[in-house]
Amino acid sequence: MLQKAMTRRSFLKTTAVTGAALAASQWLSFGDWLTAAEKAEVVVKPTLCNGCSSRCGVLVHLKNGRIWKITGNPDHPASKGKVCARGQGVASWVYHPDRLTQPLKRVGDNKFEPISWEQAFKEIGEKLQEIRQKYGGETIFYAHNPKEIGEFYGERLAYALGTPTILSHHVMCSLNRDVGMQWTLGGVPSADVSKAKYMIFIGRSYADGIKPSSISALLKAKSKGAKIIVIDPRYNSTAPLADKWLPINPGTDLAFLLAMAHVIIRDKLYDEEFVTKNAVGFPEFAAAMAQYTPAWAEKITGIKAETIEEIATDFAKAKPKAFIEPSWKGGFGCSYQNSTETARMVALVNALIGNINRQGGLVFGAKPKLGKLDHTKFPEPEKPKVRRLDEVGENDTYPLALPSKGIIQLVAQKAKEGKAKAGIVYHFNPIRNVPDPQHMIEGFKNLELLVVIDMFMSETAELAHYVLPEPTYLERTELVEPQKGWVPAVAIRAKVMEPLHKETRPFDEIVTGIAQAAGVGQYFNFTLEEVNRIMLAGAGVTLEQLLEKGVISFKDQEMPEGFTELKTPSKKVEFASQAFAKAGFSAVPRWIEPLVKPNPEQGEFRLLHGKQGIHSHTSTANLPVLLEITKQYDMERLWIPAKRAKALGIKDGDWVIVENDRAKGRIRAKVTELLHPDVVYLPGHYGSFAKKMRYSKGFGISMNDFIKYMIEPMSGAVNAMEVVVKVRKEA
């Protein structure tokens, strides 16, 4: 949250610093370009942003083939003509001096030499074949930050190599939420914000984890009188819009939700018709909720019983135009030992008021009808019937976890034990973005082959045997992306300019090259253009039409309101889950204590962390245009509650030491009244230790250094906020 106004002077200073940083690169002489560009024609091309997982539609304005400015695509459902700071900032990746420009091979400890693509493919392919023959394909894994092209090409390559182990960043993002909602609702719906009358946000902040259309919708609903409740130990950047901010005891959101369900059922405020027709297990669930009274929850959450009664009642009376926002990371995405149960309760309290696929409630959205490859012409590898490295599977250690997302911290452990032998990592930096970096480093260092595909020399790339450079999102075309919503659409990330560095290659070409060298090229006997044309043919759209517009909506396929079959075992809402019971857990959600509890008398705090609206994970901190904003507004600081800070002799701006048994960090303090007294808060974008990240290296500290290797047993998530630290003023 910014608490300083942006002045003309500070804006000019920021842009001057940024311009100087970019001009330091041989790829940009700003003065010369500006002079030449004044008379040049402006060419506008649509594509998708790569600043975060929202993948907003943007319009890139070019002069002489160089970026002039970025604006939002008014036709795209996620951007609706707007662009956030991240969307503006990541465009400068194109001209960044730290970009990887050619394939690299490790020749020593943190020493690399450039090689040709032909050599890279040949050596990687030969090593993969050797590992498959010696240990089996099941010792290989593929890890990525999921997007359409990564899922399509990466999964195909993994299966072709003989491994079902596909991993993602979700252990540190939304895995608790995803698992809880998958088994309860069959997936994660979206909130229909603009038409809602009552909204509850648990640790979720649209102004911090920003998507332009969500902010616009929230403001629209607010202007029409909608009530907004923010439940968060921190007064986040959305809280100023709220009718109520509830600084709940951290890790107790589950108790609040259990008590809400108690009130709604006790007072018969639920949608009885919806529950009767579209759910299973309700009697068992209702009986279990009887014990969770608001008075009980008050003792745990710190929120008064009458407040819980009021919110539960008002929420239910607003049905079906009300929701508890499903969130991403938020308060229950990957946070606590009880977060999977919290996610189940978020799903079920929503279901109690019958808001599934209702305007102003939650919507799964319709998907456009797209074509698929003909397997007789384009052979598809079968999913290998071998045990996954992370033990995810119906009859394995983690039967509820999701195979599409996996448990990457466990795979690092398997690598330490010599059971994982090779990894291919795309668009993902697990060494910095997954907790306990020492654990992750030890595992990845023990691999016989690590291939990293990236634009920059990240912490993970530093450990690789081969680093393969990809062009930026503005220099490559990707797979067609379906857009779900009341009105389905298709969009595409399309190349809007020629690659600045000619030796970079897009992911589809890299995967095809590796596959051919590894002896599985028969599964990639097509081009990306062919796949895109086949997919679009199913929707009655040509590739040329989509490239011209960037996004095409199908109003004739608009989804009607009303409940439809869910992707759960029963095809209904599961108030009681037999899958949870079979896995050894309670069929209905029940109260689970957080794993750790700080002792304030011993100077302990729970360490919370989250997003800022100008950054995405750690991928943007090395951008000078965004990092300069961080520096100007002291956004990297550790938030400390004012009363505790005073007792510790800490003043705003003081250097403090944060430490526990795993790590020690030095950071300036932000002393504030806007924080629960038992917690400190750290933004999650800083603390890079990658040697080639010239702007972000050594700036700020990372929460991941303080979190030990953990696996939450239901989902496989990392228990990211089950961490206690002490804070003291630097001597």
# chains A, B, ... in the order shown; residues from 1 in each chain; ligands from 1

call {"tool": "select_by_dssp", "arguments": {"residues": "stretch 228-427 of chain A", "states": "strand (DSSP E)", "output": "PyMOL selection string"}}
result
chain A and resi 228-231+244-246+279-280+322-324+362-363+422-426

call {"tool": "residues_around", "arguments": {"residues": "A:Gln359", "least_positions_apart": "5", "cutoff": "9 Å", "atoms": "only C-alpha atoms", "output": "JSON list (two decimals) with C-alpha atoms, in the first residue's frame"}}
result
[["chain", "number", "residue", "atom", "x", "y", "z"],
["A", 192, "ASP", "CA", -19.26, -12.04, -10.58],
["A", 193, "VAL", "CA", -18.21, -8.86, -8.83],
["A", 195, "LYS", "CA", -23.48, -7.58, -10.00],
["A", 196, "ALA", "CA", -22.92, -8.61, -6.38],
["A", 320, "PRO", "CA", -27.76, -15.33, -4.54],
["A", 321, "LYS", "CA", -26.00, -12.03, -5.31],
["A", 561, "GLU", "CA", -27.75, -18.83, -15.31]]

call {"tool": "closest_residue", "arguments": {"among": "A:Asp661, A:Glu481, A:Glu380, A:Glu574", "to": "A:Phe282", "atoms": "only C-alpha atoms"}}
result
A:Glu574

call {"tool": "atom_distance", "arguments": {"atom1": "atom CA of A:Ala255", "atom2": "atom CA of A:Gly209"}}
result
24.8 Å

call {"tool": "atom_distance", "arguments": {"atom1": "atom CA of A:His615", "atom2": "atom CA of A:Pro499"}}
result
24.4 Å

call {"tool": "select_by_dssp", "arguments": {"residues": "stretch 520-643 of chain A", "states": "alpha helix (DSSP H)", "output": "compact mmCIF listing (two decimals) with N, CA and C atoms, in the first residue's frame"}}
result
# COMPACT_ATOMS: atom_id res chain seq x y z
N LEU A 528 3.39 -24.89 -34.38
CA LEU A 528 2.47 -24.13 -33.54
C LEU A 528 1.36 -23.52 -34.38
N GLU A 529 1.69 -23.03 -35.54
CA GLU A 529 0.66 -22.44 -36.40
C GLU A 529 -0.40 -23.47 -36.77
N GLU A 530 0.03 -24.70 -37.06
CA GLU A 530 -0.94 -25.75 -37.39
C GLU A 530 -1.88 -26.00 -36.22
N VAL A 531 -1.33 -26.10 -35.02
CA VAL A 531 -2.16 -26.34 -33.83
C VAL A 531 -3.16 -25.21 -33.64
N ASN A 532 -2.69 -23.98 -33.75
CA ASN A 532 -3.58 -22.84 -33.57
C ASN A 532 -4.70 -22.82 -34.60
N ARG A 533 -4.38 -23.15 -35.83
CA ARG A 533 -5.42 -23.15 -36.88
C ARG A 533 -6.45 -24.25 -36.61
N ILE A 534 -5.98 -25.41 -36.18
CA ILE A 534 -6.90 -26.52 -35.88
C ILE A 534 -7.82 -26.15 -34.72
N MET A 535 -7.25 -25.56 -33.67
CA MET A 535 -8.06 -25.17 -32.52
C MET A 535 -9.12 -24.14 -32.92
N LEU A 536 -8.72 -23.14 -33.67
CA LEU A 536 -9.64 -22.07 -34.04
C LEU A 536 -10.70 -22.53 -35.03
N ALA A 537 -10.36 -23.51 -35.85
CA ALA A 537 -11.34 -24.04 -36.81
C ALA A 537 -12.56 -24.58 -36.07
N LEU A 543 -7.11 -17.93 -37.93
CA LEU A 543 -5.97 -17.39 -37.19
C LEU A 543 -5.76 -15.92 -37.55
N GLU A 544 -5.96 -15.58 -38.81
CA GLU A 544 -5.78 -14.20 -39.25
C GLU A 544 -6.76 -13.26 -38.53
N GLN A 545 -7.98 -13.72 -38.34
CA GLN A 545 -8.97 -12.90 -37.64
C GLN A 545 -8.55 -12.65 -36.19
N LEU A 546 -8.05 -13.69 -35.54
CA LEU A 546 -7.66 -13.55 -34.14
C LEU A 546 -6.41 -12.69 -34.01
N LEU A 547 -5.45 -12.86 -34.90
CA LEU A 547 -4.24 -12.05 -34.85
C LEU A 547 -4.56 -10.57 -35.05
N GLU A 548 -5.56 -10.30 -35.84
CA GLU A 548 -5.94 -8.90 -36.10
C GLU A 548 -6.60 -8.26 -34.88
N LYS A 549 -7.43 -9.02 -34.17
CA LYS A 549 -8.21 -8.45 -33.07
C LYS A 549 -7.61 -8.74 -31.69
N GLN A 578 -16.51 -38.22 0.25
CA GLN A 578 -16.02 -39.58 0.47
C GLN A 578 -14.55 -39.70 0.07
N ALA A 579 -14.10 -38.85 -0.85
CA ALA A 579 -12.68 -38.86 -1.22
C ALA A 579 -11.82 -38.45 -0.04
N PHE A 580 -12.25 -37.44 0.72
CA PHE A 580 -11.51 -37.04 1.92
C PHE A 580 -11.54 -38.16 2.96
N ALA A 581 -12.71 -38.78 3.12
CA ALA A 581 -12.82 -39.88 4.09
C ALA A 581 -11.91 -41.04 3.71
N LYS A 582 -11.89 -41.39 2.43
CA LYS A 582 -11.05 -42.49 1.95
C LYS A 582 -9.57 -42.19 2.17
N PRO A 624 14.09 -2.00 -13.66
CA PRO A 624 14.37 -0.72 -12.99
C PRO A 624 13.17 0.20 -12.90
N VAL A 625 12.28 0.17 -13.89
CA VAL A 625 11.12 1.06 -13.86
C VAL A 625 10.20 0.73 -12.69
N LEU A 626 10.10 -0.55 -12.32
CA LEU A 626 9.26 -0.94 -11.19
C LEU A 626 10.02 -0.92 -9.87
N LEU A 627 11.28 -1.31 -9.90
CA LEU A 627 12.07 -1.30 -8.67
C LEU A 627 12.27 0.13 -8.16
N GLU A 628 12.36 1.07 -9.07
CA GLU A 628 12.51 2.46 -8.64
C GLU A 628 11.27 2.95 -7.89
N ILE A 629 10.09 2.49 -8.30
CA ILE A 629 8.87 2.83 -7.55
C ILE A 629 8.95 2.23 -6.15
N THR A 630 9.39 0.97 -6.08
CA THR A 630 9.58 0.33 -4.77
C THR A 630 10.47 1.18 -3.88
N LYS A 631 11.59 1.62 -4.42
CA LYS A 631 12.56 2.38 -3.62
C LYS A 631 12.00 3.74 -3.21
N GLN A 632 11.32 4.41 -4.13
CA GLN A 632 10.79 5.74 -3.83
C GLN A 632 9.75 5.70 -2.72
N ALA A 642 2.54 -1.05 15.59
CA ALA A 642 3.12 0.09 16.29
C ALA A 642 3.41 -0.17 17.77
N LYS A 643 2.46 -0.79 18.49
CA LYS A 643 2.66 -1.01 19.92
C LYS A 643 3.83 -1.95 20.18

call {"tool": "closest_residue", "arguments": {"among": "A:Pro326, A:Gly354, A:Gly225, A:Gly687", "to": "A:Ala279", "atoms": "only C-alpha atoms"}}
result
A:Gly354

call {"tool": "atom_distance", "arguments": {"atom1": "atom CA of A:Arg662", "atom2": "atom CA of A:Asn429"}}
result
20.6 Å

call {"tool": "closest_residue", "arguments": {"among": "A:Asn719, A:Gln612, A:Ser53, A:Ser216", "to": "A:Asn236", "atoms": "only C-alpha atoms"}}
result
A:Gln612

call {"tool": "residues_around", "arguments": {"residues": "A:Lys319", "least_positions_apart": "6", "cutoff": "12 Å", "atoms": "only C-alpha atoms", "output": "ChimeraX atom specification"}}
result
/A:195-199,264,269-271,274,312-313,349-356,358-362

call {"tool": "write_last_selection", "arguments": {"atoms": "C-alpha atoms", "output": "PDB file, in the first residue's frame"}}
result
ATOM      1  CA  LYS A 195     -23.481  -7.577  -9.997  1.00  0.00           C
ATOM      2  CA  ALA A 196     -22.918  -8.607  -6.382  1.00  0.00           C
ATOM      3  CA  LYS A 197     -24.655  -7.052  -3.397  1.00  0.00           C
ATOM      4  CA  TYR A 198     -22.474  -8.538  -0.654  1.00  0.00           C
ATOM      5  CA  MET A 199     -18.811  -9.557  -0.920  1.00  0.00           C
ATOM      6  CA  ILE A 264     -26.977 -19.818   8.229  1.00  0.00           C
ATOM      7  CA  LEU A 269     -31.191 -18.902   5.824  1.00  0.00           C
ATOM      8  CA  TYR A 270     -29.705 -21.306   3.301  1.00  0.00           C
ATOM      9  CA  ASP A 271     -31.191 -22.088  -0.107  1.00  0.00           C
ATOM     10  CA  PHE A 274     -30.563 -25.665  -4.159  1.00  0.00           C
ATOM     11  CA  ALA A 312     -23.567 -14.405   8.276  1.00  0.00           C
ATOM     12  CA  THR A 313     -27.142 -13.106   8.336  1.00  0.00           C
ATOM     13  CA  VAL A 349     -20.685 -21.370   2.588  1.00  0.00           C
ATOM     14  CA  ASN A 350     -21.084 -20.069  -0.952  1.00  0.00           C
ATOM     15  CA  ALA A 351     -23.049 -23.187  -1.876  1.00  0.00           C
ATOM     16  CA  LEU A 352     -25.347 -22.720   1.128  1.00  0.00           C
ATOM     17  CA  ILE A 353     -26.797 -19.606  -0.492  1.00  0.00           C
ATOM     18  CA  GLY A 354     -27.156 -21.239  -3.924  1.00  0.00           C
ATOM     19  CA  ASN A 355     -24.936 -18.737  -5.710  1.00  0.00           C
ATOM     20  CA  ILE A 356     -23.236 -21.202  -8.101  1.00  0.00           C
ATOM     21  CA  ARG A 358     -25.762 -17.097 -10.593  1.00  0.00           C
ATOM     22  CA  GLN A 359     -25.309 -13.429 -11.438  1.00  0.00           C
ATOM     23  CA  GLY A 360     -23.630 -11.638  -8.563  1.00  0.00           C
ATOM     24  CA  GLY A 361     -22.426 -14.967  -7.176  1.00  0.00           C
ATOM     25  CA  LEU A 362     -19.825 -17.443  -8.384  1.00  0.00           C
TER      26      LEU A 362
END

call {"tool": "residues_around", "arguments": {"residues": "stretch 387-401 of chain A", "least_positions_apart": "6", "cutoff": "6 Å", "atoms": "only C-alpha atoms", "output": "MDAnalysis selection string"}}
result
chainID A and resid 164:165 407 410:411 715
